[in-house]
$ cat upload-v1.cif   # mmCIF, C-alpha atoms and all ligand atoms
data_model
loop_
_atom_site.group_PDB
_atom_site.id
_atom_site.type_symbol
_atom_site.label_atom_id
_atom_site.label_comp_id
_atom_site.auth_asym_id
_atom_site.auth_seq_id
_atom_site.Cartn_x
_atom_site.Cartn_y
_atom_site.Cartn_z
ATOM 1 C CA VAL A 15 -21.186 -13.860 21.859
ATOM 2 C CA ASP A 16 -21.314 -17.504 22.817
ATOM 3 C CA HIS A 17 -23.344 -20.358 21.447
ATOM 4 C CA ASN A 18 -26.060 -19.817 23.998
ATOM 5 C CA GLN A 19 -26.591 -16.301 22.735
ATOM 6 C CA VAL A 20 -27.092 -17.049 19.058
ATOM 7 C CA ALA A 21 -30.819 -16.647 19.412
ATOM 8 C CA GLY A 22 -31.669 -13.219 18.136
ATOM 9 C CA LEU A 23 -28.317 -12.512 16.489
ATOM 10 C CA ARG A 24 -29.143 -10.398 13.407
ATOM 11 C CA VAL A 25 -27.158 -11.576 10.381
ATOM 12 C CA LEU A 26 -27.170 -10.651 6.691
ATOM 13 C CA VAL A 27 -25.722 -13.441 4.514
ATOM 14 C CA VAL A 28 -24.918 -12.241 0.987
ATOM 15 C CA GLY A 29 -24.649 -15.063 -1.552
ATOM 16 C CA ALA A 30 -26.972 -17.403 0.335
ATOM 17 C CA SER A 31 -28.736 -19.187 -2.547
ATOM 18 C CA SER A 32 -26.290 -22.084 -2.930
ATOM 19 C CA GLY A 33 -23.072 -23.659 -1.689
ATOM 20 C CA ILE A 34 -21.272 -22.282 1.351
ATOM 21 C CA GLY A 35 -23.555 -19.256 1.807
ATOM 22 C CA SER A 36 -26.758 -21.278 1.849
ATOM 23 C CA GLU A 37 -25.196 -23.611 4.455
ATOM 24 C CA VAL A 38 -24.156 -20.618 6.592
ATOM 25 C CA ALA A 39 -27.676 -19.161 6.430
ATOM 26 C CA SER A 40 -29.296 -22.539 7.277
ATOM 27 C CA GLN A 41 -26.943 -23.298 10.156
ATOM 28 C CA LEU A 42 -27.443 -19.838 11.670
ATOM 29 C CA ALA A 43 -31.228 -20.001 11.297
ATOM 30 C CA ALA A 44 -31.274 -23.483 12.856
ATOM 31 C CA LYS A 45 -29.411 -22.088 15.875
ATOM 32 C CA GLY A 46 -32.009 -19.347 16.297
ATOM 33 C CA ALA A 47 -30.285 -16.390 14.647
ATOM 34 C CA LEU A 48 -32.386 -13.858 12.713
ATOM 35 C CA VAL A 49 -31.146 -14.269 9.162
ATOM 36 C CA ALA A 50 -31.654 -12.216 6.009
ATOM 37 C CA ALA A 51 -30.500 -14.268 3.020
ATOM 38 C CA CYS A 52 -29.621 -12.472 -0.182
ATOM 39 C CA ALA A 53 -28.679 -13.439 -3.756
ATOM 40 C CA ARG A 54 -30.146 -13.166 -7.272
ATOM 41 C CA ARG A 55 -32.066 -16.491 -7.308
ATOM 42 C CA ARG A 56 -35.071 -15.780 -5.119
ATOM 43 C CA ASP A 57 -36.561 -19.291 -5.582
ATOM 44 C CA ARG A 58 -33.450 -20.799 -4.023
ATOM 45 C CA LEU A 59 -33.556 -18.361 -1.098
ATOM 46 C CA GLU A 60 -37.173 -19.268 -0.438
ATOM 47 C CA GLU A 61 -36.149 -22.902 0.083
ATOM 48 C CA LEU A 62 -34.096 -21.873 3.137
ATOM 49 C CA SER A 63 -36.108 -22.388 6.257
ATOM 50 C CA GLY A 64 -36.024 -19.684 8.878
ATOM 51 C CA ALA A 65 -34.303 -17.028 6.737
ATOM 52 C CA ALA A 66 -35.893 -13.967 5.126
ATOM 53 C CA PRO A 67 -35.237 -13.986 1.351
ATOM 54 C CA LEU A 68 -33.958 -10.739 -0.189
ATOM 55 C CA GLU A 69 -33.316 -10.636 -3.924
ATOM 56 C CA CYS A 70 -30.229 -8.640 -4.869
ATOM 57 C CA ASP A 71 -27.646 -8.488 -7.644
ATOM 58 C CA VAL A 72 -24.448 -7.240 -6.019
ATOM 59 C CA GLN A 73 -23.171 -6.087 -9.417
ATOM 60 C CA ASP A 74 -25.680 -3.229 -9.133
ATOM 61 C CA PRO A 75 -24.542 -0.520 -6.655
ATOM 62 C CA ALA A 76 -28.094 0.695 -5.988
ATOM 63 C CA GLN A 77 -29.200 -2.845 -5.098
ATOM 64 C CA CYS A 78 -26.255 -3.198 -2.674
ATOM 65 C CA ALA A 79 -27.429 -0.178 -0.697
ATOM 66 C CA ALA A 80 -31.094 -1.187 -0.889
ATOM 67 C CA VAL A 81 -30.587 -4.760 0.312
ATOM 68 C CA VAL A 82 -28.736 -3.627 3.426
ATOM 69 C CA ALA A 83 -31.497 -1.113 4.208
ATOM 70 C CA ASP A 84 -34.108 -3.869 3.759
ATOM 71 C CA ALA A 85 -32.174 -6.284 5.978
ATOM 72 C CA VAL A 86 -31.715 -3.690 8.726
ATOM 73 C CA ARG A 87 -35.429 -2.887 8.627
ATOM 74 C CA LEU A 88 -36.445 -6.562 8.679
ATOM 75 C CA LEU A 89 -34.020 -7.621 11.405
ATOM 76 C CA GLY A 90 -34.298 -4.468 13.510
ATOM 77 C CA GLY A 91 -30.576 -3.716 13.144
ATOM 78 C CA LEU A 92 -27.531 -5.764 12.231
ATOM 79 C CA ASP A 93 -25.000 -7.724 14.298
ATOM 80 C CA ALA A 94 -23.074 -9.359 11.488
ATOM 81 C CA LEU A 95 -22.509 -9.268 7.749
ATOM 82 C CA VAL A 96 -21.293 -12.431 6.008
ATOM 83 C CA TYR A 97 -20.257 -11.725 2.403
ATOM 84 C CA VAL A 98 -20.008 -15.050 0.577
ATOM 85 C CA ALA A 99 -21.079 -13.956 -2.927
ATOM 86 C CA GLY A 100 -18.448 -14.754 -5.495
ATOM 87 C CA ILE A 101 -17.989 -16.003 -9.040
ATOM 88 C CA THR A 102 -15.207 -17.825 -10.834
ATOM 89 C CA ARG A 103 -14.544 -17.714 -14.553
ATOM 90 C CA ILE A 104 -11.760 -19.200 -16.644
ATOM 91 C CA THR A 105 -10.243 -16.020 -18.055
ATOM 92 C CA PRO A 106 -6.906 -16.614 -19.823
ATOM 93 C CA LEU A 107 -5.230 -13.222 -19.882
ATOM 94 C CA GLU A 108 -4.995 -12.807 -23.639
ATOM 95 C CA ARG A 109 -8.750 -13.360 -23.887
ATOM 96 C CA SER A 110 -9.784 -11.187 -20.919
ATOM 97 C CA GLY A 111 -11.371 -7.891 -21.892
ATOM 98 C CA TYR A 112 -12.683 -5.093 -19.684
ATOM 99 C CA ASP A 113 -16.120 -6.717 -19.329
ATOM 100 C CA ASP A 114 -14.553 -9.981 -18.096
ATOM 101 C CA TRP A 115 -12.504 -8.138 -15.479
ATOM 102 C CA LEU A 116 -15.493 -6.003 -14.514
ATOM 103 C CA GLU A 117 -17.852 -8.960 -13.966
ATOM 104 C CA ILE A 118 -15.400 -10.653 -11.600
ATOM 105 C CA PHE A 119 -14.411 -7.511 -9.695
ATOM 106 C CA ALA A 120 -17.985 -6.175 -9.507
ATOM 107 C CA THR A 121 -19.136 -9.389 -7.806
ATOM 108 C CA ASN A 122 -16.115 -10.361 -5.735
ATOM 109 C CA VAL A 123 -14.801 -6.924 -4.690
ATOM 110 C CA PHE A 124 -17.033 -3.928 -5.479
ATOM 111 C CA GLY A 125 -20.174 -5.662 -4.178
ATOM 112 C CA ALA A 126 -18.370 -6.486 -0.930
ATOM 113 C CA ALA A 127 -17.177 -2.885 -0.567
ATOM 114 C CA LEU A 128 -20.591 -1.353 -1.288
ATOM 115 C CA ILE A 129 -22.518 -3.759 0.952
ATOM 116 C CA ALA A 130 -19.997 -3.147 3.748
ATOM 117 C CA ARG A 131 -20.246 0.607 3.258
ATOM 118 C CA ALA A 132 -24.025 0.468 3.565
ATOM 119 C CA ALA A 133 -23.768 -1.778 6.647
ATOM 120 C CA ILE A 134 -21.140 0.228 8.574
ATOM 121 C CA PRO A 135 -23.612 2.529 10.396
ATOM 122 C CA SER A 136 -25.705 -0.427 11.621
ATOM 123 C CA LEU A 137 -22.659 -2.568 12.498
ATOM 124 C CA SER A 138 -21.223 0.400 14.435
ATOM 125 C CA ALA A 139 -24.408 0.956 16.464
ATOM 126 C CA ASP A 140 -24.139 0.546 20.251
ATOM 127 C CA ASP A 141 -26.400 -2.498 20.257
ATOM 128 C CA SER A 142 -24.543 -4.283 17.410
ATOM 129 C CA GLN A 143 -21.964 -7.055 17.704
ATOM 130 C CA GLY A 144 -20.162 -5.328 14.804
ATOM 131 C CA ARG A 145 -18.955 -8.387 12.911
ATOM 132 C CA ALA A 146 -18.094 -8.592 9.214
ATOM 133 C CA LEU A 147 -16.804 -11.713 7.453
ATOM 134 C CA PHE A 148 -15.687 -11.909 3.843
ATOM 135 C CA ILE A 149 -14.890 -15.073 1.907
ATOM 136 C CA THR A 150 -11.633 -15.033 -0.032
ATOM 137 C CA SER A 151 -9.779 -18.043 -1.412
ATOM 138 C CA ASP A 152 -6.428 -19.796 -1.294
ATOM 139 C CA ALA A 153 -6.139 -18.329 -4.819
ATOM 140 C CA ALA A 154 -5.744 -14.891 -3.146
ATOM 141 C CA SER A 155 -2.111 -15.797 -2.461
ATOM 142 C CA LEU A 156 -1.387 -17.898 -5.568
ATOM 143 C CA ALA A 157 -2.775 -17.068 -9.003
ATOM 144 C CA MET A 158 -3.524 -20.245 -10.917
ATOM 145 C CA PRO A 159 -3.105 -20.086 -14.705
ATOM 146 C CA GLY A 160 -6.466 -19.430 -16.348
ATOM 147 C CA LEU A 161 -7.895 -17.979 -13.107
ATOM 148 C CA VAL A 162 -5.826 -14.818 -12.802
ATOM 149 C CA SER A 163 -8.747 -12.370 -12.639
ATOM 150 C CA TYR A 164 -10.410 -14.475 -9.936
ATOM 151 C CA ALA A 165 -7.187 -14.677 -7.930
ATOM 152 C CA ALA A 166 -6.577 -10.930 -8.337
ATOM 153 C CA SER A 167 -10.116 -10.169 -7.155
ATOM 154 C CA LYS A 168 -9.709 -12.334 -4.036
ATOM 155 C CA ALA A 169 -6.333 -10.719 -3.292
ATOM 156 C CA ALA A 170 -8.056 -7.329 -3.557
ATOM 157 C CA LEU A 171 -10.830 -8.520 -1.225
ATOM 158 C CA ALA A 172 -8.221 -9.690 1.300
ATOM 159 C CA ARG A 173 -6.657 -6.202 1.346
ATOM 160 C CA PHE A 174 -10.151 -4.691 1.566
ATOM 161 C CA CYS A 175 -10.735 -6.676 4.789
ATOM 162 C CA GLN A 176 -7.486 -5.361 6.232
ATOM 163 C CA GLY A 177 -8.419 -1.801 5.252
ATOM 164 C CA LEU A 178 -11.945 -2.016 6.640
ATOM 165 C CA ALA A 179 -10.503 -3.169 9.964
ATOM 166 C CA SER A 180 -7.958 -0.342 9.961
ATOM 167 C CA GLU A 181 -10.541 2.375 9.254
ATOM 168 C CA PHE A 182 -13.101 0.875 11.671
ATOM 169 C CA PRO A 183 -11.163 -0.629 14.584
ATOM 170 C CA ALA A 184 -14.373 -1.182 16.544
ATOM 171 C CA LEU A 185 -15.577 -3.715 13.959
ATOM 172 C CA ALA A 186 -14.478 -7.363 14.117
ATOM 173 C CA VAL A 187 -13.487 -8.037 10.509
ATOM 174 C CA THR A 188 -12.528 -11.560 9.410
ATOM 175 C CA GLU A 189 -11.137 -12.707 6.088
ATOM 176 C CA VAL A 190 -12.148 -16.358 5.609
ATOM 177 C CA VAL A 191 -9.609 -18.024 3.306
ATOM 178 C CA VAL A 192 -11.511 -20.925 1.760
ATOM 179 C CA GLY A 193 -9.746 -23.864 0.124
ATOM 180 C CA PRO A 194 -11.165 -26.419 -2.335
ATOM 181 C CA THR A 195 -14.764 -27.096 -1.286
ATOM 182 C CA ALA A 196 -17.239 -29.592 -2.744
ATOM 183 C CA GLY A 197 -21.013 -29.295 -2.729
ATOM 184 C CA THR A 198 -21.178 -25.831 -4.264
ATOM 185 C CA GLU A 199 -22.064 -24.407 -7.670
ATOM 186 C CA VAL A 200 -18.912 -22.301 -8.082
ATOM 187 C CA ALA A 201 -17.675 -24.270 -11.111
ATOM 188 C CA ASP A 202 -21.083 -24.818 -12.744
ATOM 189 C CA LYS A 203 -20.655 -22.040 -15.296
ATOM 190 C CA LEU A 204 -17.201 -23.193 -16.412
ATOM 191 C CA GLU A 205 -17.070 -24.860 -19.807
ATOM 192 C CA PRO A 206 -16.142 -28.513 -18.976
ATOM 193 C CA GLU A 207 -13.380 -28.968 -21.564
ATOM 194 C CA GLU A 208 -11.741 -25.647 -20.703
ATOM 195 C CA PHE A 209 -11.964 -26.494 -17.015
ATOM 196 C CA ILE A 210 -10.301 -29.888 -17.520
ATOM 197 C CA LYS A 211 -7.531 -28.311 -19.613
ATOM 198 C CA TRP A 212 -6.618 -25.686 -16.994
ATOM 199 C CA ALA A 213 -7.368 -27.748 -13.874
ATOM 200 C CA THR A 214 -5.051 -30.510 -15.097
ATOM 201 C CA ARG A 215 -2.253 -27.919 -15.069
ATOM 202 C CA TRP A 216 -3.177 -26.814 -11.517
ATOM 203 C CA TYR A 217 -2.608 -30.323 -10.204
ATOM 204 C CA GLU A 218 0.452 -31.081 -12.330
ATOM 205 C CA GLU A 219 2.137 -27.769 -11.494
ATOM 206 C CA GLY A 220 1.397 -27.747 -7.748
ATOM 207 C CA TYR A 221 -1.157 -24.929 -7.557
ATOM 208 C CA ILE A 222 -3.558 -26.949 -5.386
ATOM 209 C CA ARG A 223 -2.304 -26.809 -1.809
ATOM 210 C CA HIS A 224 -5.159 -28.227 0.299
ATOM 211 C CA GLY A 225 -7.409 -31.240 0.526
ATOM 212 C CA MET A 226 -11.129 -31.064 -0.200
ATOM 213 C CA LEU A 227 -13.715 -29.907 2.318
ATOM 214 C CA HIS A 228 -17.505 -30.064 1.914
ATOM 215 C CA SER A 229 -19.646 -26.949 2.165
ATOM 216 C CA PRO A 230 -21.265 -27.842 5.543
ATOM 217 C CA ASP A 231 -17.764 -28.117 7.136
ATOM 218 C CA VAL A 232 -16.715 -24.721 5.809
ATOM 219 C CA ALA A 233 -20.032 -23.188 6.881
ATOM 220 C CA ASN A 234 -19.581 -24.667 10.332
ATOM 221 C CA MET A 235 -16.155 -23.012 10.665
ATOM 222 C CA ILE A 236 -17.616 -19.695 9.520
ATOM 223 C CA VAL A 237 -20.500 -19.905 11.992
ATOM 224 C CA ASP A 238 -18.140 -20.815 14.869
ATOM 225 C CA THR A 239 -15.967 -17.821 14.026
ATOM 226 C CA LEU A 240 -18.960 -15.538 13.797
ATOM 227 C CA LEU A 241 -20.009 -16.602 17.284
ATOM 228 C CA SER A 242 -16.600 -16.591 18.955
ATOM 229 C CA HIS A 243 -15.761 -13.974 21.574
ATOM 230 C CA SER A 244 -12.879 -12.553 19.577
ATOM 231 C CA PRO A 245 -12.991 -13.457 15.885
ATOM 232 C CA PRO A 246 -9.539 -13.611 14.233
ATOM 233 C CA ALA A 247 -8.562 -11.223 11.413
ATOM 234 C CA GLN A 248 -8.016 -14.286 9.241
ATOM 235 C CA LEU A 249 -9.507 -17.786 9.326
ATOM 236 C CA ILE A 250 -8.105 -20.542 7.132
ATOM 237 C CA ALA A 251 -11.049 -22.757 6.166
ATOM 238 C CA ALA A 252 -9.241 -25.450 4.212
ATOM 239 C CA ALA A 253 -8.426 -29.133 4.576
ATOM 240 C CA PRO A 254 -4.833 -30.080 5.527
ATOM 241 C CA GLU A 255 -2.065 -29.837 2.910
ATOM 242 C CA ASP A 256 -1.212 -33.531 3.215
ATOM 243 C CA GLU A 257 -4.723 -34.401 1.983
ATOM 244 C CA THR A 258 -4.205 -32.489 -1.280
ATOM 245 C CA ALA A 259 -5.328 -34.442 -4.340
ATOM 246 C CA THR A 260 -2.552 -35.150 -6.819
ATOM 247 C CA SER A 261 -4.772 -35.133 -9.895
ATOM 248 C CA LEU A 262 -8.094 -33.791 -11.103
ATOM 249 C CA GLU A 263 -9.497 -37.348 -11.081
ATOM 250 C CA GLU A 264 -8.492 -37.829 -7.455
ATOM 251 C CA SER A 265 -10.015 -34.486 -6.467
ATOM 252 C CA ARG A 266 -13.287 -35.527 -8.119
ATOM 253 C CA ARG A 267 -13.300 -38.720 -6.052
ATOM 254 C CA HIS A 268 -12.738 -36.630 -2.913
ATOM 255 C CA ALA A 269 -15.566 -34.283 -3.931
ATOM 256 C CA GLU A 270 -17.964 -37.187 -4.416
ATOM 257 C CA ALA A 271 -17.071 -38.796 -1.071
ATOM 258 C CA GLU A 272 -19.594 -38.360 1.716
ATOM 259 C CA PRO A 273 -19.079 -35.154 3.684
HETATM 260 N N1 LIG B 301 -16.025 -23.903 -3.730
HETATM 261 C C1 LIG B 301 -14.740 -23.656 -3.661
HETATM 262 O O1 LIG B 301 -13.914 -24.538 -3.947
HETATM 263 C C2 LIG B 301 -14.249 -22.306 -3.224
HETATM 264 C C3 LIG B 301 -12.879 -22.156 -2.954
HETATM 265 C C4 LIG B 301 -12.404 -20.927 -2.523
HETATM 266 C C5 LIG B 301 -13.288 -19.872 -2.363
HETATM 267 N N2 LIG B 301 -14.608 -20.038 -2.644
HETATM 268 C C6 LIG B 301 -15.505 -18.874 -2.462
HETATM 269 O O2 LIG B 301 -16.610 -19.228 -1.669
HETATM 270 C C7 LIG B 301 -17.685 -18.354 -1.960
HETATM 271 C C8 LIG B 301 -18.953 -19.162 -2.141
HETATM 272 O O3 LIG B 301 -18.840 -19.956 -3.299
HETATM 273 P P1 LIG B 301 -19.453 -21.405 -3.441
HETATM 274 O O4 LIG B 301 -18.318 -22.313 -3.715
HETATM 275 O O5 LIG B 301 -20.372 -21.711 -2.338
HETATM 276 O O6 LIG B 301 -20.229 -21.239 -4.851
HETATM 277 P P2 LIG B 301 -21.739 -21.057 -5.275
HETATM 278 O O7 LIG B 301 -22.535 -22.257 -4.885
HETATM 279 O O8 LIG B 301 -21.683 -20.695 -6.722
HETATM 280 O O9 LIG B 301 -22.260 -19.789 -4.441
HETATM 281 C C9 LIG B 301 -22.038 -18.462 -4.838
HETATM 282 C C10 LIG B 301 -23.108 -17.561 -4.232
HETATM 283 O O10 LIG B 301 -22.820 -16.206 -4.654
HETATM 284 C C11 LIG B 301 -24.017 -15.645 -5.149
HETATM 285 N N3 LIG B 301 -23.758 -14.629 -6.162
HETATM 286 C C12 LIG B 301 -22.989 -14.731 -7.277
HETATM 287 N N4 LIG B 301 -23.092 -13.613 -8.024
HETATM 288 C C13 LIG B 301 -23.955 -12.792 -7.354
HETATM 289 C C14 LIG B 301 -24.499 -11.517 -7.634
HETATM 290 N N5 LIG B 301 -24.170 -10.829 -8.746
HETATM 291 N N6 LIG B 301 -25.359 -10.976 -6.743
HETATM 292 C C15 LIG B 301 -25.717 -11.655 -5.629
HETATM 293 N N7 LIG B 301 -25.231 -12.860 -5.308
HETATM 294 C C16 LIG B 301 -24.368 -13.429 -6.169
HETATM 295 C C17 LIG B 301 -24.772 -16.828 -5.755
HETATM 296 O O11 LIG B 301 -26.152 -16.522 -5.830
HETATM 297 P P3 LIG B 301 -26.980 -16.185 -7.184
HETATM 298 O O12 LIG B 301 -26.299 -16.853 -8.329
HETATM 299 O O13 LIG B 301 -28.348 -16.715 -6.883
HETATM 300 O O14 LIG B 301 -26.968 -14.693 -7.275
HETATM 301 C C18 LIG B 301 -24.502 -17.906 -4.715
HETATM 302 O O15 LIG B 301 -25.419 -17.778 -3.657
HETATM 303 C C19 LIG B 301 -17.276 -17.551 -3.200
HETATM 304 O O16 LIG B 301 -16.855 -16.259 -2.799
HETATM 305 C C20 LIG B 301 -16.110 -18.352 -3.748
HETATM 306 O O17 LIG B 301 -15.210 -17.545 -4.464
HETATM 307 C C21 LIG B 301 -15.115 -21.234 -3.063
#
$ encode --input "upload-v1.cif" --output "structure tokens" --more "lines below"
Ligand SMILES: NC(=O)c1ccc[n+]([C@@H]2O[C@H](COP(=O)([O-])OP(=O)(O)OC[C@H]3O[C@@H](n4cnc5c(N)ncnc54)[C@H](OP(=O)(O)O)[C@@H]3O)[C@@H](O)[C@H]2O)c1
Amino acid sequence: VDHNQVAGLRVLVVGASSGIGSEVASQLAAKGALVAACARRRDRLEELSGAAPLECDVQDPAQCAAVVADAVRLLGGLDALVYVAGITRITPLERSGYDDWLEIFATNVFGAALIARAAIPSLSADDSQGRALFITSDAASLAMPGLVSYAASKAALARFCQGLASEFPALAVTEVVVGPTAGTEVADKLEPEEFIKWATRWYEEGYIRHGMLHSPDVANMIVDTLLSHSPPAQLIAAAPEDETATSLEESRRHAEAEP
């Protein structure tokens, strides 16, 4: 695929109601792709111009299968799946029960696996470009204190990508390793005082290894990869290491800077 052939590319973006996913869906639609945009918040999906809104909670296995069937029907097949859906919670290990682990893994790993499973027949069709992209995190290779379940889920998703590619060599599977990114709602559900307590440690103890990007930049890298002739198995979508903030305050200034 090249940029001139985006028109008509059939893409399902999962987790398209805010942040990186909504930027990916908008950028693709603006380039003329046929986009199905899925997430739980239907009102937010309806604000996306040029994308078909599909309501789906990826924590529900039946909804994972149904949303892929709906997208395939709407788009007339599927060229690419972009799985962006993900949640973060502060889950110190001594306070993390089964339900805490389940919520994170159901969204970040099981949803990805079940959506991919449902999409494999369409992505493997003769007329499909057969692309599948999954968003992991720099936390997949370094578990920050307080975020261990999130990091473990992203590490699992990274291995899932590798395994999907090994079982289906005809598919072009890409793990997108995203670094700190502003302009998203990923931290909105974190209790502010808890966040400050743990995030201060991340900066002081060297867990943050990249500068700050803004969601349109990350989305742009994802879209370019989706459209490239041979997508890599792994894309690092993160700002350079030498731009890494040295404190939480500095990172907030970077986040507020114009993209
Ligand atoms: N921002 C960062 O610094 C950063 C860094 C590394 C990796 N990432 C990863 O980037 C991805 C996108 O995050 P973001 O930063 O753009 O955050 P965001 O604005 O919170 O976006 C998350 C998206 O996932 C969807 N989602 C969450 N739970 C879902 C569920 N049960 N069913 C369906 N959709 C669900 C949300 O939609 P609804 O709530 O409407 O369902 C939303 O569209 C995530 O996988 C995140 O882990 C982000």
$ residues_near_ligand --input "upload-v1.cif" --ligand "ligand LIG 301 (chain B)" --cutoff "6 Å" --atoms "only C-alpha atoms and all ligand atoms" --output "PyMOL selection string"
chain A and resi 29-35+53-55+70-73+98-101+121+149-151+192-196+198-200
$ atom_distance --input "upload-v1.cif" --atom1 "atom CA of Ala126 of chain A" --atom2 "atom CA of Pro67 of chain A"
18.6 Å
$ closest_residue --input "upload-v1.cif" --among "A:Leu249, A:Ala269, A:Ala85, A:Leu204" --to "Leu227 of chain A" --atoms "all atoms listed in the file"
A:Ala269
$ residues_near_point --input "upload-v1.cif" --point "(-4.8, -27.3, -16.3)" --cutoff "12 Å" --atoms "all atoms listed in the file" --output "list in words"
Ile104, Pro106, Met158, Pro159, Gly160, Leu161, Pro206, Glu207, Glu208, Phe209, Ile210, Lys211, Trp212, Ala213, Thr214, Arg215, Trp216, Tyr217, Glu218, Glu219, Gly220, Tyr221, Ile222, Ser261 and Leu262 of chain A
$ resolve_selection --input "upload-v1.cif" --expression "the PyMOL selection byres (((chain A and resi 129-142) around 6) and not hetatm)" --output "list in words"
Cys78, Ala79, Leu92, Asp93, Gly125, Ala126, Ala127, Leu128, Gln143 and Gly144 of chain A
$ resolve_selection --input "upload-v1.cif" --expression "the PyMOL selection byres (((chain A and resi 250) around 7) and not hetatm)" --output "list in words"
Val190, Val191, Val192, Gln248, Leu249, Ala251 and Ala252 of chain A
$ residues_around --input "upload-v1.cif" --residues "Gly46 of chain A" --least-positions-apart "6" --cutoff "8 Å" --atoms "all atoms listed in the file" --output "list in words"
Val20, Ala21, Gly22 and Leu23 of chain A
$ atom_distance --input "upload-v1.cif" --atom1 "atom CA of Gly64 of chain A" --atom2 "atom CA of Ala50 of chain A"
9.1 Å
$ closest_residue --input "upload-v1.cif" --among "A:Asp256, A:Gly197, A:Arg145, A:Glu264" --to "Leu178 of chain A" --atoms "all atoms listed in the file"
A:Arg145
$ residues_around --input "upload-v1.cif" --residues "Ala146 of chain A" --least-positions-apart "4" --cutoff "6 Å" --atoms "all atoms listed in the file" --output "list in words"
Ala94, Leu95, Val96 and Val187 of chain A
$ build_atoms --input "upload-v1.cif" --residues "segment 253-264 of chain A" --atoms "N, CA, C and O atoms" --output "short mmCIF file (atom, residue, chain, number, x, y, z; two decimals), in the coordinates of the input"
data_model
loop_
_atom_site.label_atom_id
_atom_site.label_comp_id
_atom_site.auth_asym_id
_atom_site.auth_seq_id
_atom_site.Cartn_x
_atom_site.Cartn_y
_atom_site.Cartn_z
N ALA A 253 -8.88 -27.83 4.08
CA ALA A 253 -8.43 -29.13 4.58
C ALA A 253 -6.89 -29.14 4.59
O ALA A 253 -6.25 -28.34 3.90
N PRO A 254 -6.29 -30.05 5.40
CA PRO A 254 -4.83 -30.08 5.53
C PRO A 254 -4.12 -30.28 4.19
O PRO A 254 -4.65 -30.91 3.27
N GLU A 255 -2.88 -29.73 4.14
CA GLU A 255 -2.06 -29.84 2.91
C GLU A 255 -1.79 -31.28 2.52
O GLU A 255 -1.76 -31.63 1.35
N ASP A 256 -1.58 -32.15 3.56
CA ASP A 256 -1.21 -33.53 3.22
C ASP A 256 -2.39 -34.34 2.68
O ASP A 256 -2.23 -35.49 2.31
N GLU A 257 -3.57 -33.73 2.61
CA GLU A 257 -4.72 -34.40 1.98
C GLU A 257 -4.95 -33.91 0.55
O GLU A 257 -5.94 -34.26 -0.09
N THR A 258 -4.04 -33.06 0.06
CA THR A 258 -4.20 -32.49 -1.28
C THR A 258 -4.25 -33.58 -2.35
O THR A 258 -3.40 -34.48 -2.37
N ALA A 259 -5.24 -33.48 -3.23
CA ALA A 259 -5.33 -34.44 -4.34
C ALA A 259 -4.15 -34.21 -5.28
O ALA A 259 -3.67 -33.08 -5.43
N THR A 260 -3.70 -35.30 -5.92
CA THR A 260 -2.55 -35.15 -6.82
C THR A 260 -2.98 -35.05 -8.28
O THR A 260 -2.17 -34.83 -9.16
N SER A 261 -4.28 -35.26 -8.52
CA SER A 261 -4.77 -35.13 -9.90
C SER A 261 -6.22 -34.69 -9.86
O SER A 261 -6.89 -34.80 -8.83
N LEU A 262 -6.69 -34.20 -11.00
CA LEU A 262 -8.09 -33.79 -11.10
C LEU A 262 -9.02 -34.96 -10.81
O LEU A 262 -10.03 -34.81 -10.11
N GLU A 263 -8.65 -36.17 -11.31
CA GLU A 263 -9.50 -37.35 -11.08
C GLU A 263 -9.61 -37.63 -9.58
O GLU A 263 -10.68 -37.91 -9.07
N GLU A 264 -8.46 -37.56 -8.90
CA GLU A 264 -8.49 -37.83 -7.46
C GLU A 264 -9.34 -36.78 -6.73
O GLU A 264 -10.10 -37.10 -5.81
#
